[in-house]
>>> print(open('query-v3.cif').read())   # mmCIF, C-alpha atoms and all ligand atoms
data_final
#
loop_
_atom_site.label_atom_id
_atom_site.label_comp_id
_atom_site.auth_asym_id
_atom_site.auth_seq_id
_atom_site.Cartn_x
_atom_site.Cartn_y
_atom_site.Cartn_z
CA PHE A 807 -109.94 33.28 164.68
CA ASN A 808 -109.15 35.91 167.31
CA GLN A 809 -105.74 34.45 167.95
CA MET A 810 -104.62 35.04 164.40
CA GLU A 811 -104.58 38.81 164.64
CA GLY A 812 -101.04 40.16 164.55
CA PRO A 813 -99.73 43.59 165.52
CA PRO A 814 -100.88 46.43 163.24
CA ILE A 815 -98.72 46.93 160.18
CA LYS A 816 -97.10 50.34 159.77
CA SER A 817 -98.26 51.58 156.44
CA ASP A 818 -97.94 54.66 154.27
CA LEU A 819 -101.29 54.20 152.54
CA GLN A 820 -103.30 57.26 151.62
CA VAL A 821 -106.54 56.50 153.42
CA THR A 822 -109.63 58.65 153.47
CA TYR A 823 -112.99 57.96 155.02
CA SER A 824 -116.44 58.43 153.70
CA PRO A 825 -119.80 56.94 154.51
CA PRO A 826 -120.69 54.11 152.14
CA THR A 827 -122.36 55.81 149.19
CA LEU A 828 -123.92 52.87 147.38
CA ASP A 829 -127.68 53.24 147.48
CA ILE A 830 -129.05 49.86 146.50
CA SER A 831 -132.65 51.05 146.56
CA GLN A 832 -132.07 52.35 143.02
CA PHE A 833 -131.65 48.75 141.80
CA THR A 834 -134.28 46.08 141.34
CA PRO A 835 -133.53 42.40 140.71
CA SER A 836 -132.84 42.25 137.00
CA GLU A 837 -133.67 39.73 134.31
CA GLU A 838 -129.96 39.51 133.62
CA GLY A 839 -129.36 38.14 137.09
CA LYS A 840 -131.58 35.21 136.28
CA ARG A 841 -129.51 34.14 133.32
CA SER A 842 -125.98 32.87 133.36
CA ILE A 843 -123.98 35.74 131.94
CA ALA A 844 -120.35 36.75 132.08
CA GLU A 845 -119.10 40.29 132.10
CA VAL A 846 -115.53 41.51 131.69
CA THR A 847 -114.37 44.70 133.35
CA ILE A 848 -110.82 46.03 133.10
CA ARG A 849 -109.01 47.94 135.81
CA ALA A 850 -105.77 49.53 134.70
CA LYS A 851 -103.27 49.94 137.52
CA PRO A 852 -101.38 53.24 137.37
CA LEU A 853 -97.90 52.41 136.04
CA GLY A 854 -95.15 52.45 138.64
CA VAL A 855 -97.53 52.36 141.60
CA GLY A 856 -96.93 49.76 144.30
CA LYS A 857 -94.10 47.33 144.43
CA GLY A 858 -95.44 44.63 142.19
CA ASP A 859 -94.56 45.92 138.74
CA ILE A 860 -92.56 43.60 136.62
CA ILE A 861 -90.12 45.74 134.76
CA ASP A 862 -88.38 43.79 132.08
CA LYS A 863 -86.64 44.85 128.92
CA LYS A 864 -89.62 44.27 126.73
CA GLN A 865 -92.02 46.16 128.95
CA SER A 866 -89.79 49.19 129.33
CA GLN A 867 -89.98 49.69 125.57
CA PHE A 868 -93.60 50.68 125.89
CA LYS A 869 -93.77 54.38 125.29
CA PHE A 870 -97.33 54.73 126.33
CA CYS A 871 -99.98 52.63 127.87
CA GLY A 872 -103.35 53.97 128.75
CA ALA A 873 -106.89 53.06 129.50
CA SER A 874 -109.65 55.10 128.03
CA VAL A 875 -112.90 55.10 129.89
CA LYS A 876 -114.75 56.93 127.17
CA ASP A 877 -114.57 54.39 124.39
CA ASN A 878 -113.94 51.31 126.54
CA SER A 879 -110.56 50.54 125.13
CA VAL A 880 -107.02 49.94 126.30
CA TYR A 881 -104.21 51.01 124.01
CA PHE A 882 -100.54 50.16 123.91
CA LYS A 883 -97.83 51.75 121.88
CA ASP A 884 -94.27 50.57 121.76
CA SER A 885 -91.34 51.74 119.73
CA LYS A 886 -91.70 49.22 116.92
CA GLU A 887 -95.35 48.50 116.47
CA LYS A 888 -98.43 50.50 115.65
CA PRO A 889 -100.62 51.41 118.63
CA ARG A 890 -102.79 48.46 119.57
CA ASN A 891 -106.32 48.86 120.81
CA PHE A 892 -108.27 46.34 122.83
CA SER A 893 -111.98 46.83 123.34
CA TYR A 894 -114.04 45.27 126.08
CA PRO A 895 -117.77 44.98 126.37
CA LYS A 896 -118.43 46.16 129.88
CA GLN A 897 -116.31 48.83 131.45
CA ILE A 898 -112.80 50.12 131.97
CA PHE A 899 -111.54 51.79 135.08
CA ASN A 900 -108.33 53.76 135.26
CA ASP A 901 -106.63 55.59 138.10
CA GLU A 902 -109.48 58.09 138.39
CA HIS A 903 -111.45 55.33 140.07
CA ASP A 904 -110.63 54.13 143.57
CA ASN A 905 -112.01 50.97 145.15
CA GLN A 906 -115.11 52.72 146.40
CA ALA A 907 -115.96 54.24 143.00
CA ILE A 908 -115.51 50.88 141.28
CA PHE A 909 -117.62 49.13 143.87
CA ASN A 910 -120.42 51.66 143.51
CA GLU A 911 -120.43 51.37 139.74
CA LEU A 912 -120.14 47.62 139.50
CA MET A 913 -121.62 45.87 142.44
CA GLY A 914 -125.05 47.35 143.18
CA GLN A 915 -126.94 45.25 140.67
CA HIS A 916 -125.07 42.08 141.65
CA LEU A 917 -125.79 42.69 145.31
CA VAL A 918 -129.50 43.07 144.67
CA ASN A 919 -129.61 39.93 142.52
CA PHE A 920 -127.72 37.99 145.19
CA LEU A 921 -130.17 39.14 147.85
CA ASP A 922 -132.90 37.97 145.49
CA GLY A 923 -131.46 34.44 145.58
CA TYR A 924 -129.15 34.28 142.57
CA ASN A 925 -125.60 32.95 142.60
CA LEU A 926 -122.65 35.09 141.67
CA ASN A 927 -118.95 34.59 140.86
CA ILE A 928 -116.46 37.42 140.74
CA LEU A 929 -112.97 36.58 139.52
CA ALA A 930 -109.88 38.78 139.41
CA TYR A 931 -107.55 37.78 136.60
CA GLY A 932 -104.19 39.25 135.63
CA GLN A 933 -100.44 39.07 135.94
CA THR A 934 -98.76 39.15 139.35
CA GLY A 935 -98.48 42.76 140.50
CA SER A 936 -101.34 43.97 138.32
CA GLY A 937 -103.61 44.78 141.28
CA LYS A 938 -105.89 41.74 141.71
CA THR A 939 -105.53 41.54 145.49
CA TYR A 940 -105.66 45.34 145.79
CA THR A 941 -108.97 45.34 143.94
CA MET A 942 -110.57 42.28 145.50
CA ILE A 943 -109.39 42.68 149.10
CA GLY A 944 -107.33 45.83 149.52
CA PRO A 945 -103.68 46.82 149.84
CA ARG A 946 -101.46 45.61 152.64
CA GLY A 947 -102.60 47.01 155.97
CA ALA A 948 -106.07 48.02 154.70
CA PHE A 949 -107.78 46.45 157.72
CA ASP A 950 -105.49 47.94 160.33
CA TYR A 951 -107.25 51.29 159.94
CA PRO A 952 -110.26 52.07 162.10
CA ALA A 953 -113.54 51.12 160.47
CA SER A 954 -117.13 51.20 161.55
CA GLU A 955 -120.48 50.34 160.04
CA ASP A 956 -120.92 53.98 159.03
CA SER A 957 -117.46 54.72 157.80
CA ILE A 958 -115.03 52.44 156.04
CA PRO A 959 -111.54 53.26 154.74
CA SER A 960 -111.27 54.18 151.06
CA VAL A 961 -108.79 51.36 150.44
CA TRP A 962 -111.16 48.48 151.24
CA GLY A 963 -111.59 46.27 148.17
CA MET A 964 -114.64 44.73 146.51
CA PHE A 965 -114.99 41.76 148.83
CA PRO A 966 -115.04 43.61 152.20
CA ARG A 967 -117.32 46.26 150.69
CA PHE A 968 -119.70 43.61 149.43
CA LEU A 969 -119.70 41.94 152.86
CA HIS A 970 -120.32 45.27 154.55
CA ALA A 971 -123.17 46.22 152.22
CA LEU A 972 -124.74 42.78 152.66
CA TYR A 973 -124.36 42.95 156.39
CA LEU A 974 -126.20 46.28 156.50
CA GLN A 975 -129.06 44.71 154.53
CA ILE A 976 -129.55 41.68 156.75
CA LYS A 977 -128.34 42.62 160.23
CA ASP A 978 -131.79 43.37 161.65
CA ASP A 979 -133.51 40.49 159.91
CA LYS A 980 -133.68 37.34 162.03
CA MET A 981 -134.73 35.28 159.00
CA LYS A 982 -131.45 35.86 157.16
CA ALA A 983 -127.92 34.70 157.89
CA LEU A 984 -124.62 35.14 156.13
CA SER A 985 -121.71 32.71 156.30
CA ILE A 986 -118.19 32.71 154.92
CA SER A 987 -115.58 30.11 154.15
CA VAL A 988 -112.19 30.81 152.64
CA LYS A 989 -110.05 28.36 150.72
CA GLN A 990 -106.63 28.68 149.18
CA ASP A 991 -105.86 26.35 146.36
CA SER A 992 -102.69 25.64 144.48
CA MET A 993 -102.37 22.66 142.20
CA PHE A 994 -101.75 20.29 145.11
CA PHE A 995 -102.74 21.62 148.53
CA PRO A 996 -106.15 23.09 149.25
CA GLU A 997 -106.09 24.86 152.59
CA ASP A 998 -108.78 26.39 154.80
CA LEU A 999 -107.56 29.93 155.24
CA ILE A 1000 -109.50 30.51 158.46
CA THR A 1001 -108.29 27.40 160.31
CA ARG A 1002 -105.02 27.21 158.31
CA LYS A 1003 -105.49 23.46 157.96
CA GLN A 1004 -105.28 21.35 154.84
CA ILE A 1005 -108.63 20.19 153.51
CA ARG A 1006 -109.52 17.36 151.17
CA PHE A 1007 -111.89 17.28 148.24
CA VAL A 1008 -114.16 14.24 148.11
CA PRO A 1009 -115.47 13.92 144.54
CA ASP A 1010 -118.37 11.61 145.47
CA MET A 1011 -119.74 14.21 147.86
CA ASN A 1012 -118.62 17.13 145.71
CA GLU A 1013 -117.38 18.69 148.94
CA TYR A 1014 -114.27 19.65 150.87
CA ILE A 1015 -113.92 17.76 154.13
CA GLY A 1016 -112.74 19.89 157.04
CA HIS A 1017 -113.65 23.18 155.37
CA LYS A 1018 -115.11 25.52 158.00
CA GLU A 1019 -118.02 27.84 157.39
CA VAL A 1020 -118.26 30.78 159.80
CA ILE A 1021 -121.47 32.74 160.44
CA LEU A 1022 -120.87 36.48 160.29
CA GLU A 1023 -122.66 38.04 163.22
CA SER A 1024 -121.17 41.48 163.55
CA PHE A 1025 -119.26 44.15 161.69
CA GLU A 1026 -116.19 43.21 163.75
CA ASP A 1027 -116.39 39.68 162.32
CA ILE A 1028 -116.07 41.16 158.83
CA VAL A 1029 -112.97 43.14 159.77
CA ARG A 1030 -111.39 40.15 161.51
CA ILE A 1031 -111.90 37.78 158.65
CA CYS A 1032 -110.70 40.27 156.05
CA LYS A 1033 -107.59 40.91 158.13
CA ILE A 1034 -106.77 37.22 158.03
CA ILE A 1035 -107.21 37.08 154.26
CA GLU A 1036 -105.24 40.28 153.66
CA LYS A 1037 -102.33 39.14 155.85
CA VAL A 1038 -101.93 36.04 153.76
CA ARG A 1039 -102.60 37.51 150.31
CA ALA A 1040 -101.41 41.11 150.22
CA SER A 1041 -98.27 40.76 152.32
CA ARG A 1042 -96.69 38.12 150.10
CA SER A 1043 -97.58 39.64 146.78
CA THR A 1044 -94.71 41.83 145.84
CA LYS A 1045 -92.43 39.39 144.02
CA MET A 1046 -93.16 37.13 141.12
CA ASN A 1047 -92.74 33.44 142.00
CA THR A 1048 -93.84 34.02 145.57
CA GLU A 1049 -96.36 31.66 147.04
CA SER A 1050 -99.44 33.86 146.75
CA SER A 1051 -98.81 34.47 143.07
CA ARG A 1052 -99.34 30.75 142.49
CA ILE A 1053 -102.30 30.15 144.75
CA HIS A 1054 -105.95 30.88 144.06
CA CYS A 1055 -107.98 32.26 146.96
CA PHE A 1056 -111.72 31.51 147.06
CA MET A 1057 -113.90 33.58 149.39
CA ASN A 1058 -117.28 31.91 149.53
CA LEU A 1059 -120.38 33.55 150.91
CA LYS A 1060 -123.66 31.83 151.57
CA LEU A 1061 -126.80 33.78 152.22
CA TYR A 1062 -129.53 31.79 153.95
CA GLN A 1063 -133.01 33.27 153.80
CA CYS A 1064 -136.03 31.76 155.44
CA ASN A 1065 -139.41 32.68 153.95
CA ALA A 1066 -142.87 32.75 155.56
CA ASN A 1067 -143.43 29.05 154.67
CA LYS A 1068 -140.27 28.14 156.61
CA MET A 1069 -138.47 27.22 153.42
CA VAL A 1070 -134.78 28.07 153.45
CA GLN A 1071 -133.22 29.47 150.31
CA CYS A 1072 -129.45 29.62 149.95
CA SER A 1073 -127.65 31.78 147.40
CA GLN A 1074 -123.91 31.54 146.97
CA CYS A 1075 -121.40 34.14 146.01
CA ARG A 1076 -117.76 33.47 145.29
CA PHE A 1077 -115.00 36.07 145.08
CA VAL A 1078 -111.84 34.60 143.60
CA ASP A 1079 -108.44 36.25 143.81
CA LEU A 1080 -106.79 34.13 141.15
CA CYS A 1081 -103.10 33.35 141.02
CA GLY A 1082 -101.06 35.37 138.55
CA SER A 1083 -101.48 34.71 134.87
CA GLU A 1084 -97.79 35.19 134.16
CA ARG A 1085 -96.07 35.82 130.92
CA ASN A 1086 -93.70 32.90 130.92
CA GLU A 1087 -90.74 34.74 129.45
CA VAL A 1088 -90.42 36.70 132.71
CA MET A 1089 -90.62 33.65 134.99
CA SER A 1090 -87.39 32.58 136.62
CA GLU A 1091 -85.45 30.25 134.39
CA LYS A 1092 -83.88 28.56 137.38
CA ASP A 1093 -87.13 27.54 138.98
CA GLU A 1094 -88.40 25.03 136.46
CA GLY A 1095 -91.14 23.81 138.86
CA ALA A 1096 -92.58 27.29 139.27
CA ARG A 1097 -92.42 27.82 135.54
CA MET A 1098 -94.30 24.60 134.86
CA GLU A 1099 -96.89 25.47 137.47
CA SER A 1100 -97.34 28.86 135.85
CA VAL A 1101 -97.85 27.28 132.43
CA LEU A 1102 -100.52 25.01 133.89
CA ASN A 1103 -102.14 27.87 135.78
CA ASN A 1104 -102.35 29.90 132.61
CA PHE A 1105 -103.91 26.91 130.88
CA ASN A 1106 -106.46 26.49 133.69
CA LEU A 1107 -107.31 30.16 133.50
CA LEU A 1108 -107.78 29.88 129.76
CA LEU A 1109 -110.28 27.07 130.31
CA LEU A 1110 -112.01 29.11 132.97
CA LEU A 1111 -112.51 31.97 130.55
CA GLN A 1112 -114.15 29.69 128.03
P1 LIG B 1201 -101.62 41.10 142.37
O1 LIG B 1201 -102.53 40.63 143.45
O2 LIG B 1201 -102.27 41.18 141.02
O3 LIG B 1201 -100.33 40.33 142.32
P2 LIG B 1201 -101.40 43.46 144.02
O4 LIG B 1201 -102.83 43.72 144.26
O5 LIG B 1201 -100.64 42.81 145.14
O6 LIG B 1201 -101.19 42.62 142.68
O7 LIG B 1201 -100.71 44.84 143.61
C1 LIG B 1201 -99.29 45.01 143.51
C2 LIG B 1201 -98.88 46.32 144.16
O8 LIG B 1201 -99.49 47.43 143.50
C3 LIG B 1201 -99.31 46.42 145.61
O9 LIG B 1201 -98.29 47.10 146.32
C4 LIG B 1201 -100.59 47.25 145.55
O10 LIG B 1201 -100.81 47.94 146.76
C5 LIG B 1201 -100.31 48.18 144.39
N1 LIG B 1201 -101.53 48.55 143.63
C6 LIG B 1201 -102.26 47.71 142.87
N2 LIG B 1201 -103.29 48.36 142.26
C7 LIG B 1201 -103.21 49.64 142.66
C8 LIG B 1201 -103.99 50.82 142.39
N3 LIG B 1201 -105.06 50.78 141.60
N4 LIG B 1201 -103.61 51.97 142.99
C9 LIG B 1201 -102.54 52.01 143.80
N5 LIG B 1201 -101.75 50.94 144.09
C10 LIG B 1201 -102.07 49.78 143.54
MG MG B 1202 -102.30 39.03 144.71
#
>>> encode(input="query-v3.cif", output="structure tokens")
Amino acid sequence: FNQMEGPPIKSDLQVTYSPPTLDISQFTPSEEGKRSIAEVTIRAKPLGVGKGDIIDKKQSQFKFCGASVKDNSVYFKDSKEKPRNFSYPKQIFNDEHDNQAIFNELMGQHLVNFLDGYNLNILAYGQTGSGKTYTMIGPRGAFDYPASEDSIPSVWGMFPRFLHALYLQIKDDKMKALSISVKQDSMFFPEDLITRKQIRFVPDMNEYIGHKEVILESFEDIVRICKIIEKVRASRSTKMNTESSRIHCFMNLKLYQCNANKMVQCSQCRFVDLCGSERNEVMSEKDEGARMESVLNNFNLLLLLQ
């Protein structure tokens, strides 16, 4: 995938550097990791930040919208209705938390469970422009900044941070290997995002034919692969109805671990940057196809949440 690197993108991102601060030695594999559980965490994007906000008449009536970390609630107030409060079981992050802070708070336990052999799915769900790609991968240009094993840019999202933290755990261990495959999926055309070729699902085998799995051997591999993903996802994200707002992106990791009896254990982790869950009244009325696809996507997402 060397050939796919383009010229660096000029960017006005505010980027700081700090050594990775997640200390996973404070976590031990938990009982929770052994059960199938779902957790919901909310991240509220600061209003007006970035170019993806959908400003429509209805939305501009909102006088106040905030996320309260203290009591785990999100509240809306518009001119007509009473303030509405939504409570969530796990956690809420607002603009006081950057990607690194969220990663440190959320991912340590999952990382340890994954290393212990348990599977993990992390899905980002929300309307186009709400910050899914920013949170999962990073903003546009995030991987054009210098990065090293000891120092990664503040803007890196959950997926590259998870890869980096995993890599640090296994790099000196010859009995462990980490692989990645990346798939984009709309309703009709699954595509391998690394080879940029269409792939085909064969139900009898429960597998995608032609889907490439790449072994990650160095820190540079992580940066290269994230750059490919970011170029496709983040750069096309700023308008509703664009391609990336209708395509799911699945980043699959497999961790192979060989024990003393030469048995190989494989745990799988999937990060999913879902397509936008649009409010249909703001979809283009002219593009009936896109509208229909959005309705179906919302329906699929509803099923997923159940
Ligand atoms: P989505 O993937 O949900 O469509 P994006 O992640 O592309 O949305 O975000 C839309 C825009 O908002 C982008 O320009 C992104 O850089 C910016 N953005 C999103 N979340 C944040 C945040 N927490 N802080 C600053 N900018 C953000
Ligand atoms: Mg996106």
>>> residues_around(input="query-v3.cif", residues="segment 1062-1075 of chain A", least_positions_apart="2", cutoff="6 Å", atoms="only C-alpha atoms", output="list in words")
Gly923, Tyr924, Asn925, Leu926, Asn927, Met981, Lys982, Ala983, Asn1058, Leu1059 and Lys1060 of chain A
>>> atom_distance(input="query-v3.cif", atom1="atom CA of Val1020 of chain A", atom2="atom CA of Lys989 of chain A")
12.5 Å
>>> residues_around(input="query-v3.cif", residues="segment 847-856 of chain A", least_positions_apart="6", cutoff="6 Å", atoms="only C-alpha atoms", output="ChimeraX atom specification")
/A:896-901
>>> closest_residue(input="query-v3.cif", among="A:Pro952, A:Ile1053, A:Asp1027, A:Arg890", to="Val821 of chain A", atoms="all atoms listed in the file")
A:Pro952
>>> closest_residue(input="query-v3.cif", among="A:Trp962, A:Tyr823, A:Phe920, A:Tyr931", to="ligand MG 1202 (chain B)", atoms="all atoms listed in the file")
A:Tyr931
>>> atom_distance(input="query-v3.cif", atom1="atom CA of Phe949 of chain A", atom2="atom CA of Cys1032 of chain A")
7.0 Å
>>> atom_distance(input="query-v3.cif", atom1="atom CA of Val1029 of chain A", atom2="atom CA of Arg1006 of chain A")
27.4 Å
>>> closest_atom_pairs(input="query-v3.cif", of="segment 889-978 of chain A", to="segment 1077-1080 of chain A", cutoff="7 Å", atoms="only C-alpha atoms", output="Markdown table")
| residue | atom | partner | partner_atom | distance |
| --- | --- | --- | --- | --- |
| A:Asn927 | CA | A:Phe1077 | CA | 6.0 |
| A:Ile928 | CA | A:Phe1077 | CA | 4.8 |
| A:Leu929 | CA | A:Val1078 | CA | 4.7 |
| A:Ala930 | CA | A:Asp1079 | CA | 5.3 |
| A:Tyr931 | CA | A:Leu1080 | CA | 5.9 |
| A:Lys938 | CA | A:Asp1079 | CA | 6.4 |
| A:Thr939 | CA | A:Asp1079 | CA | 6.3 |
| A:Met942 | CA | A:Asp1079 | CA | 6.6 |
| A:Phe965 | CA | A:Phe1077 | CA | 6.8 |
>>> residues_around(input="query-v3.cif", residues="Pro959 of chain A", least_positions_apart="6", cutoff="12 Å", atoms="all atoms listed in the file", output="tab-separated table (two decimals) with C-alpha atoms, in the coordinates of the input")
chain	number	residue	atom	x	y	z
A	819	LEU	CA	-101.29	54.20	152.54
A	820	GLN	CA	-103.30	57.26	151.62
A	821	VAL	CA	-106.54	56.50	153.42
A	822	THR	CA	-109.63	58.65	153.47
A	823	TYR	CA	-112.99	57.96	155.02
A	824	SER	CA	-116.44	58.43	153.70
A	825	PRO	CA	-119.80	56.94	154.51
A	826	PRO	CA	-120.69	54.11	152.14
A	904	ASP	CA	-110.63	54.13	143.57
A	905	ASN	CA	-112.01	50.97	145.15
A	906	GLN	CA	-115.11	52.72	146.40
A	944	GLY	CA	-107.33	45.83	149.52
A	945	PRO	CA	-103.68	46.82	149.84
A	947	GLY	CA	-102.60	47.01	155.97
A	948	ALA	CA	-106.07	48.02	154.70
A	949	PHE	CA	-107.78	46.45	157.72
A	950	ASP	CA	-105.49	47.94	160.33
A	951	TYR	CA	-107.25	51.29	159.94
A	952	PRO	CA	-110.26	52.07	162.10
A	953	ALA	CA	-113.54	51.12	160.47
A	966	PRO	CA	-115.04	43.61	152.20
A	967	ARG	CA	-117.32	46.26	150.69
A	970	HIS	CA	-120.32	45.27	154.55
A	1029	VAL	CA	-112.97	43.14	159.77
>>> closest_residue(input="query-v3.cif", among="A:Arg1039, A:Lys980, A:Lys1018, A:Lys1033", to="ligand LIG 1201 (chain B)", atoms="all atoms listed in the file")
A:Arg1039
>>> axis_aligned_box(input="query-v3.cif", around="segment 824-835 of chain A", padding_each_side="8 Å", output="lines of an AutoDock Vina configuration file")
center_x = -125.4
center_y = 50.4
center_z = 147.6
size_x = 33.8
size_y = 32.0
size_z = 29.8
>>> closest_residue(input="query-v3.cif", among="A:Glu997, A:Glu1019, A:Glu1036, A:Glu845", to="ligand LIG 1201 (chain B)", atoms="all atoms listed in the file")
A:Glu1036
>>> closest_residue(input="query-v3.cif", among="A:Gln933, A:Asn919, A:Thr1001, A:Ser954", to="ligand LIG 1201 (chain B)", atoms="all atoms listed in the file")
A:Gln933
>>> residues_around(input="query-v3.cif", residues="Asn910 of chain A", least_positions_apart="4", cutoff="8 Å", atoms="all atoms listed in the file", output="list in words")
Thr827, Leu828, Gln906 and Gly914 of chain A
>>> residues_around(input="query-v3.cif", residues="Leu1022 of chain A", least_positions_apart="6", cutoff="8 Å", atoms="only C-alpha atoms", output="mmCIF file with C-alpha atoms, in the frame of the given file")
data_model
loop_
_atom_site.group_PDB
_atom_site.id
_atom_site.type_symbol
_atom_site.label_atom_id
_atom_site.label_comp_id
_atom_site.auth_asym_id
_atom_site.auth_seq_id
_atom_site.Cartn_x
_atom_site.Cartn_y
_atom_site.Cartn_z
ATOM 1 C CA ALA A 983 -127.920 34.700 157.890
ATOM 2 C CA LEU A 984 -124.620 35.140 156.130
ATOM 3 C CA SER A 985 -121.710 32.710 156.300
ATOM 4 C CA ILE A 986 -118.190 32.710 154.920
ATOM 5 C CA ILE A 1028 -116.070 41.160 158.830
#
